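A.B. asks: Input: one structure, supplied below.
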Amino acid sequence: MHSHRSTSQPTVAVVGGESLLGKEVRELLESSDLGANIKLVAADEEDASIITRGEDEPLLISSLAAADLGEARIAILAGSRESSRKAYERIRKASPAPVVIDVSGGLEDRPETRLRAPMVEPPGHRVSSAVQEIAHPAAIALALFLTQLQKAGTVRRAVVNIFEPVSERGQAGIDELQKQTVGLLSFKPLAKDVFDTQVSFNMLPQYGSDSQHSLGEIELKIDRHLASLLAGAGSVPMPSLRVFHAPVFHGYSMSVWVEFENNLDVEAIERALESSHIDVRGKEHEPPSNVGVAGQGGITVGAIAPDRNQPRACWFWMVADNLRIAAENATEVARELLK
């Protein structure tokens with residue numbers, strides 16, 4: 001069993017190590033060259049530790065109540081927003097306190113929090129702050145796409161439809177979609193604890209009125225984060241965007257319409273988009289899908305087609321693994337802090 005103990009290597013604590021995002025962060029940290037001890041901490045206050053399945057052997061996840069977060073150089077908060085706030089109160093009492101990387105969004109409103117997205121930040125960018133929040137994965141994907149697209153030609157305006165997977169609501173969201181799918185096929189009542197509406201076999205602009213989650217609030221958050229990320233990217237305009245529920249487990253899908261200042265051919269656009277974080281699928285390849293990019297980093301763009309009614313505009317289909325893109329950026333922030 002992993003003990004994650006060492007006197008010579010820095011410790012990175014992953015609070016919410018049992019969550020979907022926590023597992024993704026742990027896998028990237030363990031496969032990286034950071035040379036750090038990974039300490040897994042549960043997101044709740046229970047006294048008992050948790051044994052969970054690792055890739056090769058069982059893993060011990062300490063309870064938040066019993067964990068000594070003061071021994072960590074970095075604490076990555078990957079549980080719920082509520083659990084992250086509780087964990088941060090414990091972290092603040094530690095001396096010295098670890099630097100916090102928040103991927104849950106629970107600390108966004110604190111004055112000491114700074115927004116981060118190394119995938120789209122300029123080389124050499126550094127932030128000195130006690131709390132560094134990873135931007136929303138959809139905002140990171142769009143910022144990466146639009147800043148790279150600007151190399152093909154000046155963008156006048158863009159419109160984006162974002163289709164959100166239920167894994168953004170954690171394991172509870174995945175379980176509810178699965179239960180609803182089975183229930184509908186078996187003519188049984190639907191579980192609605194998370195979404196308060198039918199999300200299986202259904203596209204939606206909003207959840208039920210009693211849901212604790214709001215697509216409108218998520219839309220505002222993406223808009224806010226994207227505006228911050230594009231602020232340092234020159235003249236890239238903010239797109240108009242909407243967020244919709246898609247009845248899928250994992251992966252963001254986005255339909256993007258972009259109008260340029262001048263007419264551009266598709267081949268020139270594809271060449272401009274190609275980069276270390278963008279996989280471009282030309283017409284000779286199958287278009288990208290959220291299922292096909294599961295576990296892959298960066299974003300994938302394809303099905304690029306000129307708009308028949310606007311000669312200076314093109315349609316794009318973009319997909320990204322929401323958990324992976326958030327974990328990738330958290331890992332890069334951790335790399336900066338451990339240098």
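In the structure tokens, each chain is lettered A, B, ... as it comes, each chain's residues begin at 1, and ligands are numbered from 1 in order of appearance.
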Need the shell around Ala139 (chain A): protein/DNA/RNA residues with any atom at most 12 Å away, counting only C-alpha atoms. Skip same-chain ones fewer than 5 positions apart. Format as a PyMOL selection string?
C.D. replies: chain A and resi 115-117+119-120+134+144-147+160+162+218-230+238-239+241+243+252+254+299+320+322+325-326
A.B. asks: Considering only strand (DSSP E) as DSSP defines it on the backbone, what residues of region 63-102 of chain A qualify? List them as a ChimeraX atom specification.
C.D. replies: /A:74-77,99-102
A.B. asks: Taking only C-alpha atoms into account, which of A:Asn262, A:Ser276, A:Asn290, A:Gln180 comes nearest Glu164 (chain A)?
C.D. replies: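 Nearest to Glu164 (chain A): A:Asn290.
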A.B. asks: For region 18-31 of chain A, list every protein, DNA or RNA residue within 8 Å, evaluated using only C-alpha atoms, and leave out those in the same chain fewer than 4 positions away; present the list as a VMD selection string.
C.D. replies: chain A and resid 14 38 41 to 43 52 61 78 to 79 167 170 to 171 323 to 324 327 to 328 330 to 331
A.B. asks: I need the alpha helix (DSSP H) residues of region 106-247 of chain A per DSSP on the backbone, written as a ChimeraX atom specification.
C.D. replies: /A:137-149,170-185,215-230
A.B. asks: Include C-alpha atoms and write out the residues we just selected as an mmCIF file, in the first residue's frame.
C.D. replies:
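Heads up, here's the output in selection.cif:
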```cif
data_model
loop_
_atom_site.group_PDB
_atom_site.id
_atom_site.type_symbol
_atom_site.label_atom_id
_atom_site.label_comp_id
_atom_site.auth_asym_id
_atom_site.auth_seq_id
_atom_site.Cartn_x
_atom_site.Cartn_y
_atom_site.Cartn_z
ATOM 1 C CA PRO A 137 -12.135 23.946 -18.354
ATOM 2 C CA ALA A 138 -14.521 25.282 -21.020
ATOM 3 C CA ALA A 139 -13.003 28.768 -20.628
ATOM 4 C CA ILE A 140 -9.496 27.321 -20.991
ATOM 5 C CA ALA A 141 -10.493 25.390 -24.115
ATOM 6 C CA LEU A 142 -12.087 28.437 -25.734
ATOM 7 C CA ALA A 143 -9.192 30.750 -24.824
ATOM 8 C CA LEU A 144 -6.730 28.270 -26.318
ATOM 9 C CA PHE A 145 -8.805 27.948 -29.488
ATOM 10 C CA LEU A 146 -9.451 31.663 -30.050
ATOM 11 C CA THR A 147 -5.907 32.866 -29.356
ATOM 12 C CA GLN A 148 -4.480 30.282 -31.740
ATOM 13 C CA LEU A 149 -7.148 30.967 -34.366
ATOM 14 C CA GLY A 170 -19.080 14.826 -10.072
ATOM 15 C CA GLN A 171 -19.836 11.187 -9.403
ATOM 16 C CA ALA A 172 -23.343 12.077 -8.236
ATOM 17 C CA GLY A 173 -24.112 13.531 -11.675
ATOM 18 C CA ILE A 174 -22.851 10.435 -13.450
ATOM 19 C CA ASP A 175 -24.816 8.145 -11.141
ATOM 20 C CA GLU A 176 -28.037 10.094 -11.696
ATOM 21 C CA LEU A 177 -27.730 10.015 -15.494
ATOM 22 C CA GLN A 178 -27.093 6.273 -15.333
ATOM 23 C CA LYS A 179 -30.055 5.665 -13.006
ATOM 24 C CA GLN A 180 -32.344 7.793 -15.165
ATOM 25 C CA THR A 181 -31.320 5.921 -18.312
ATOM 26 C CA VAL A 182 -32.006 2.554 -16.695
ATOM 27 C CA GLY A 183 -35.247 3.867 -15.181
ATOM 28 C CA LEU A 184 -36.573 5.188 -18.475
ATOM 29 C CA LEU A 185 -35.852 1.908 -20.250
ATOM 30 C CA LEU A 215 -26.551 26.303 -16.073
ATOM 31 C CA GLY A 216 -27.023 30.069 -16.036
ATOM 32 C CA GLU A 217 -24.480 30.471 -13.225
ATOM 33 C CA ILE A 218 -22.079 28.123 -15.000
ATOM 34 C CA GLU A 219 -22.487 30.212 -18.148
ATOM 35 C CA LEU A 220 -21.617 33.387 -16.232
ATOM 36 C CA LYS A 221 -18.555 31.720 -14.708
ATOM 37 C CA ILE A 222 -17.251 30.582 -18.098
ATOM 38 C CA ASP A 223 -17.886 34.071 -19.465
ATOM 39 C CA ARG A 224 -16.043 35.665 -16.543
ATOM 40 C CA HIS A 225 -13.051 33.343 -16.702
ATOM 41 C CA LEU A 226 -12.779 33.562 -20.472
ATOM 42 C CA ALA A 227 -12.792 37.367 -20.336
ATOM 43 C CA SER A 228 -9.882 37.257 -17.866
ATOM 44 C CA LEU A 229 -7.918 34.780 -19.983
ATOM 45 C CA LEU A 230 -8.429 36.755 -23.196
#
```
A.B. asks: Which is closer to Trp317 (chain A) than all the others in A:Ile91, A:Val100, A:Ile304, A:Val248, using only C-alpha atoms?
C.D. replies: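 Nearest to Trp317 (chain A): A:Ile304.
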A.B. asks: Go through region 62-169 of chain A residue by residue and, counting only C-alpha atoms, keep those with an atom at most 12 Å from region 187-202 of chain A; for each kept residue give the shortest atom pair and its distance in Å to one decimal, ordered by chain and increasing number, as a tab-separated table.
C.D. replies:
```
residue	atom	partner	partner_atom	distance
A:Phe163	CA	A:Asn202	CA	11.8
A:Glu164	CA	A:Val199	CA	11.4
A:Pro165	CA	A:Val199	CA	10.3
A:Val166	CA	A:Val199	CA	8.8
A:Ser167	CA	A:Val194	CA	11.7
A:Glu168	CA	A:Val194	CA	11.6
A:Arg169	CA	A:Val194	CA	8.1
```
A.B. asks: Nearest residue to Lys93 (chain A) out of A:Gly16, A:Gly70, A:Gly282, A:Gly295, using only C-alpha atoms?
C.D. replies: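 With only C-alpha atoms as the atom set, the closest residue is A:Gly70.
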A.B. asks: Report as a PyMOL selection string all protein, DNA and RNA residues lying within 10 Å of Lys151 (chain A), evaluated on only C-alpha atoms, omitting residues in the same chain fewer than 3 positions from it.
C.D. replies: chain A and resi 146-148+154-155+268-269+271-273
A.B. asks: Excluding same-chain residues fewer than 6 positions from Val301 (chain A), what lies within 9 Å of it counting only C-alpha atoms, as a list in words?
C.D. replies: Phe145, Glu270, Leu273, Ile278, Asp279, Val280, Arg281, Gly282, Pro287, Pro288, Phe316, Trp317, Met318 and Val319 of chain A
A.B. asks: How would the residues just chosen look if you wrote them out with N, CA and C atoms as a compact mmCIF listing (two decimals), in the first residue's frame?
C.D. replies:
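Okay, result-v6.txt is ready:
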```
# COMPACT_ATOMS: atom_id res chain seq x y z
N PHE A 145 -8.33 27.97 -28.11
CA PHE A 145 -8.80 27.95 -29.49
C PHE A 145 -8.77 29.34 -30.13
N GLU A 270 -6.56 25.52 -40.63
CA GLU A 270 -6.04 24.30 -40.00
C GLU A 270 -4.57 24.45 -39.65
N LEU A 273 -4.16 26.62 -36.55
CA LEU A 273 -4.63 26.01 -35.30
C LEU A 273 -3.67 24.95 -34.75
N ILE A 278 -3.39 21.62 -29.42
CA ILE A 278 -4.56 21.51 -30.29
C ILE A 278 -4.32 20.45 -31.36
N ASP A 279 -5.20 19.46 -31.38
CA ASP A 279 -5.17 18.43 -32.42
C ASP A 279 -6.23 18.79 -33.45
N VAL A 280 -5.80 19.03 -34.69
CA VAL A 280 -6.73 19.43 -35.75
C VAL A 280 -7.05 18.23 -36.63
N ARG A 281 -8.32 17.95 -36.81
CA ARG A 281 -8.78 16.85 -37.66
C ARG A 281 -9.25 17.42 -38.99
N GLY A 282 -8.51 17.16 -40.04
CA GLY A 282 -8.90 17.61 -41.37
C GLY A 282 -10.01 16.77 -41.95
N PRO A 287 -14.49 13.28 -37.75
CA PRO A 287 -14.60 14.45 -36.87
C PRO A 287 -14.42 14.06 -35.41
N PRO A 288 -13.94 14.97 -34.59
CA PRO A 288 -13.70 14.65 -33.18
C PRO A 288 -15.01 14.45 -32.42
N PHE A 316 -16.91 25.47 -36.59
CA PHE A 316 -15.93 24.57 -36.00
C PHE A 316 -16.63 23.66 -35.00
N TRP A 317 -16.12 22.42 -34.89
CA TRP A 317 -16.58 21.50 -33.84
C TRP A 317 -15.38 21.20 -32.96
N MET A 318 -15.52 21.49 -31.66
CA MET A 318 -14.39 21.37 -30.74
C MET A 318 -14.79 20.50 -29.55
N VAL A 319 -13.89 19.63 -29.12
CA VAL A 319 -14.15 18.77 -27.97
C VAL A 319 -12.94 18.77 -27.05
```
A.B. asks: Would you compute the distance between CA of Leu40 (chain A) and CA of Gly17 (chain A)? Give it in Å to one decimal.
C.D. replies: 5.1 Å
A.B. asks: By how many Å are CA of Ser289 (chain A) and CA of Gln310 (chain A) apart?
C.D. replies: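 Computing it gives 25.9 Å between the two atoms.
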A.B. asks: Which one is closest to Cys314 (chain A): A:Asp33, A:Asp102, A:Glu286, A:Glu261? Count only C-alpha atoms.
C.D. replies: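 Nearest candidate to Cys314 (chain A) out of A:Asp33, A:Asp102, A:Glu286, A:Glu261: A:Glu261.
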A.B. asks: Can you work out which one of A:Val333, A:Ser209, A:Ala72, A:Val258 has the shortest atom-to-atom distance to Glu133 (chain A), counting only C-alpha atoms?
C.D. replies: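 Closest residue, counting only C-alpha atoms: A:Val333.
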A.B. asks: Which is closest to Asp321 (chain A) among A:Gly292, A:Gly105, A:Gly153, A:Gly302, if we use only C-alpha atoms?
C.D. replies: A:Gly292
